[in-house]
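To start, the structure under review is shown below, and the notes come after it.
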Amino acid sequence: MKKKFLLLAGVMATVAFTACTTDAQQSGLLSGLDPAKFDTVINEKPVKLYTLKNQNGMEVCITNYGGRVVSLVVPDKDGKPTDVVLGFDNIKQYADTLNSPSDYGSSVGRYANRIAGGKFTLNGQAYQLKQNDGPNCLHGGGTTGWMNQVYDAEQIGDSILKLTIKAADGENGFPGNVTATTTYKVTSDNTLDMTWEATTDKETIINQTNHNYYNLNGDLSKVGTDMILYVNADNFTPSNRLYIPTGEIKSVEGTAMDFRTPHALGDSINSTFDQVRNAGGYDHNYCLNTFKDGKGDDTQVCASLYSPKTGIFMEMFTNEPGVQVYSGNFQGVGRDATIIRKGGLKYPKHVSVCLESQKFPDSPNKKDWVQPTLKPGEKYYSHAAYKFSIK
């Protein structure tokens, strides 16, 4: 067993990697992943690969490092097992935030998406968060956020994995000692169901999500702009060039932001519409029609994605007011184009689509929007589900 030392944003993390003797083909996993390549110790906490499955050909592999979905296999129209999410095939690359930085498949916390200037005020007290995205805080601090920490894991049968993390008061600038859980469940109808719960001992903000990058085409070496996207939203929140919402809520009517009628991403991803042009594609929050009067209806489809190539159809459900649609605008750009991922592949730009349930970005600084505050004695609850079928 060798030890590898990683410098994560100034914090020394000790990673002990176990020698890999298990052949991937002998693992019996539909994904072809080798569990031994995930069996290690990071910051003195055990890390491994967990597998959830049902009897209908769905298999989900998750590492408790960052609560990351490593693979998500469902049958295509011909019954062929198809991995529909991006990622790496070993823990070394996930943990190496200097050479292969990613948020692939992660359970993001404390706060998904961006907070302007990394600043917010709560009960009259100003807080300064880690600024890891230019002047802004992104995904709770990135390399020192929850996506790069080890969760405690409890697998319940073949289909449920409960992951727990404890965050200290002041971590990355956030107030409150927080205990948070992410629960992944694979159901019999080929749904990956996700719930997030949290408690705190001091008023704080929390906004968790999952960051899967989806490509339903079965070939992660090619762009995914032929996938057909639907978003059940009449409005979106325009953003500036640093991806911070301006505070406006605008209609999608007559713009390249309109996915109320499903259409291929490629139909509009190169639009001259300023929001799409500035982002190099889509990286925007949509105001879901499924959220009304302060409550989200997670029995109604809020978004969907479809591949005409494989016939795989994914429907999304959430109780949150927003969904971030991100079209992989930074994939395959610069150094990213050289990084090897699962299956020995290099990813091109726009290879995937993220559909992230959320409170609106920068909501702590937009007091008219649904607030992400959590008080002592309350329980944070967020839910998202992704149902797969053949269309």
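As shown in the structure tokens, the chain order sets the letters A, B, ...; within each chain, residues go from 1, and ligands are also counted from 1 in the order they appear.
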
Using only C-alpha atoms, tabulate the residues of region 49-111 of chain A lying at most 7 Å from any atom of region 142-163 of chain A, each with its closest atom pair and that distance in Å to one decimal, by chain and increasing residue number, as a tab-separated table.
```
residue	atom	partner	partner_atom	distance
A:Leu52	CA	A:Ser159	CA	4.7
A:Lys53	CA	A:Ser159	CA	5.5
A:Asn54	CA	A:Ser159	CA	6.7
A:Asn64	CA	A:Tyr151	CA	5.2
A:Tyr65	CA	A:Val150	CA	4.5
A:Gly66	CA	A:Met147	CA	3.8
A:Gly67	CA	A:Tyr151	CA	6.6
A:Thr97	CA	A:Thr143	CA	6.6
A:Asp103	CA	A:Met147	CA	6.7
A:Ser106	CA	A:Met147	CA	5.4
A:Ser107	CA	A:Met147	CA	5.9
A:Val108	CA	A:Met147	CA	5.5
A:Gly109	CA	A:Trp146	CA	5.3
A:Arg110	CA	A:Trp146	CA	6.9
```

Please report, as CSV, each residue of region 33-71 of chain A lying at most 12 Å from region 80-84 of chain A, together with the nearest pair of atoms and the separation in Å rounded to one decimal; use only C-alpha atoms, and order rows by chain and ascending residue number.
```
residue,atom,partner,partner_atom,distance
A:Leu33,CA,A:Asp83,CA,10.8
A:Asn56,CA,A:Pro81,CA,10.7
A:Gly57,CA,A:Pro81,CA,7.2
A:Met58,CA,A:Pro81,CA,8.1
A:Glu59,CA,A:Asp83,CA,9.0
A:Val60,CA,A:Asp83,CA,9.1
A:Cys61,CA,A:Asp83,CA,10.4
A:Val69,CA,A:Val84,CA,10.8
A:Val70,CA,A:Asp83,CA,9.6
A:Ser71,CA,A:Asp83,CA,6.1
```

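Taking CA of Gly281 (chain A) as the reference point, CA of Leu242 (chain A) is found at 13.9 Å.
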
Excluding same-chain residues fewer than 2 positions from Leu229 (chain A), what lies within 12 Å of it counting only C-alpha atoms, as a PyMOL selection string? chain A and resi 214-216+224-227+231-232+257-269+282+302-308+313-316+325-327+352-355

Taking only region 260-311 of chain A into account, list the residues labelled alpha helix (DSSP H) by DSSP (computed from the backbone), as a list of chain:residue names.
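Put together, the selection reads A:Asp274, A:Gln275, A:Val276, A:Arg277, A:Asn278, A:Ala279.
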
Do you have, as a tab-separated table, the list of residues of region 96-198 of chain A lying at most 9 Å from region 374-390 of chain A, each with its nearest atom pair and that distance in Å to one decimal, counting only C-alpha atoms and ordered by chain then number?
```
residue	atom	partner	partner_atom	distance
A:Ala180	CA	A:Tyr380	CA	8.6
A:Asp189	CA	A:Lys387	CA	7.4
A:Asn190	CA	A:Phe388	CA	5.5
A:Thr191	CA	A:Lys387	CA	4.0
A:Leu192	CA	A:Tyr386	CA	5.3
A:Asp193	CA	A:Ala385	CA	4.3
A:Met194	CA	A:Ala384	CA	5.3
A:Thr195	CA	A:His383	CA	4.5
A:Trp196	CA	A:Ser382	CA	5.1
A:Glu197	CA	A:Tyr381	CA	4.6
A:Ala198	CA	A:Tyr380	CA	4.9
```

task: Determine which residues of region 201-337 of chain A DSSP labels as strand (DSSP E) from the backbone of this structure, then write them out as a VMD selection string.
output: chain A and resid 204 to 205 209 to 210 228 to 231 233 to 237 250 to 251 263 to 264 283 to 288 291 to 292 295 to 296 303 to 306 312 to 318 322 to 326

message: When you look at Lys346 (chain A) with a cut-off of 8 Å (counting only C-alpha atoms), what residues show up, excluding the ones that are within fewer than 2 positions of it in the same chain? I need them as a ChimeraX atom specification.
response: /A:221,332,337-341,344,348

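Taking only C-alpha atoms into account, Val323 (chain A) lies nearest to A:Gln208 out of the set A:Thr272, A:Thr179, A:Asn240, A:Gln208.
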
Tell me, as a PDB file with C-alpha atoms, in the first residue's frame, which residues lie within 12 Å of Tyr243 (chain A), counting only C-alpha atoms; anything in the same chain fewer than 4 positions away does not count.
```pdb
ATOM      1  CA  ASN A 113     -24.168  27.155  -7.418  1.00  0.00           C
ATOM      2  CA  ARG A 114     -22.802  30.670  -6.903  1.00  0.00           C
ATOM      3  CA  ILE A 115     -22.936  33.356  -4.237  1.00  0.00           C
ATOM      4  CA  ALA A 116     -21.812  36.787  -5.471  1.00  0.00           C
ATOM      5  CA  GLY A 117     -18.532  37.920  -3.977  1.00  0.00           C
ATOM      6  CA  ASP A 133     -14.769  31.022  -8.779  1.00  0.00           C
ATOM      7  CA  GLY A 134     -13.178  34.394  -9.457  1.00  0.00           C
ATOM      8  CA  PRO A 135     -14.667  36.680  -6.799  1.00  0.00           C
ATOM      9  CA  ASN A 136     -17.569  34.306  -6.150  1.00  0.00           C
ATOM     10  CA  CYS A 137     -18.175  31.215  -4.041  1.00  0.00           C
ATOM     11  CA  LEU A 138     -19.147  28.206  -6.163  1.00  0.00           C
ATOM     12  CA  THR A 237     -33.126  34.283 -14.106  1.00  0.00           C
ATOM     13  CA  PRO A 238     -30.743  36.185 -16.429  1.00  0.00           C
ATOM     14  CA  SER A 239     -27.131  36.321 -15.277  1.00  0.00           C
ATOM     15  CA  GLY A 247     -32.098  39.790  -9.860  1.00  0.00           C
ATOM     16  CA  GLN A 275     -27.489  34.912 -22.418  1.00  0.00           C
ATOM     17  CA  VAL A 276     -26.519  31.896 -24.517  1.00  0.00           C
ATOM     18  CA  ASN A 278     -22.126  34.974 -23.091  1.00  0.00           C
ATOM     19  CA  ALA A 279     -22.174  31.526 -21.468  1.00  0.00           C
ATOM     20  CA  GLY A 280     -21.000  29.642 -24.554  1.00  0.00           C
ATOM     21  CA  TYR A 282     -26.529  27.026 -21.357  1.00  0.00           C
ATOM     22  CA  ASP A 283     -25.604  27.632 -17.724  1.00  0.00           C
ATOM     23  CA  HIS A 284     -28.817  29.113 -16.401  1.00  0.00           C
ATOM     24  CA  ASN A 285     -31.397  28.790 -13.668  1.00  0.00           C
ATOM     25  CA  GLN A 324     -29.807  24.768 -13.388  1.00  0.00           C
ATOM     26  CA  TYR A 326     -25.695  23.371 -17.843  1.00  0.00           C
ATOM     27  CA  PHE A 360     -31.983  30.131  -7.193  1.00  0.00           C
ATOM     28  CA  PRO A 361     -28.275  31.072  -7.432  1.00  0.00           C
ATOM     29  CA  ASP A 362     -27.205  33.903  -5.119  1.00  0.00           C
TER      30      ASP A 362
END
```

Exercise. CA of Ile206 (chain A) to CA of Gln358 (chain A): how many Å, to one decimal?
Worked result: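 So the two atoms, CA of Ile206 (chain A) and CA of Gln358 (chain A), lie 10.0 Å apart.
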
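We find CA of Asn99 (chain A) and CA of Gly173 (chain A) to be spaced 25.6 Å apart.
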
**Asked** Pick the closest to Gly294 (chain A) from A:His350, A:Lys130, A:Lys309, A:Lys359: which is it, counting only C-alpha atoms?
**Response**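 Nearest candidate to Gly294 (chain A) out of A:His350, A:Lys130, A:Lys309, A:Lys359: A:Lys359.
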
- Task: Could you check which of A:Asp169, A:Asp219, A:Asp39, A:Asp96 is closest to Lys342 (chain A), using only C-alpha atoms?
- Result: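 Looking only at the distances to Lys342 (chain A), the closest residue turns out to be A:Asp219.
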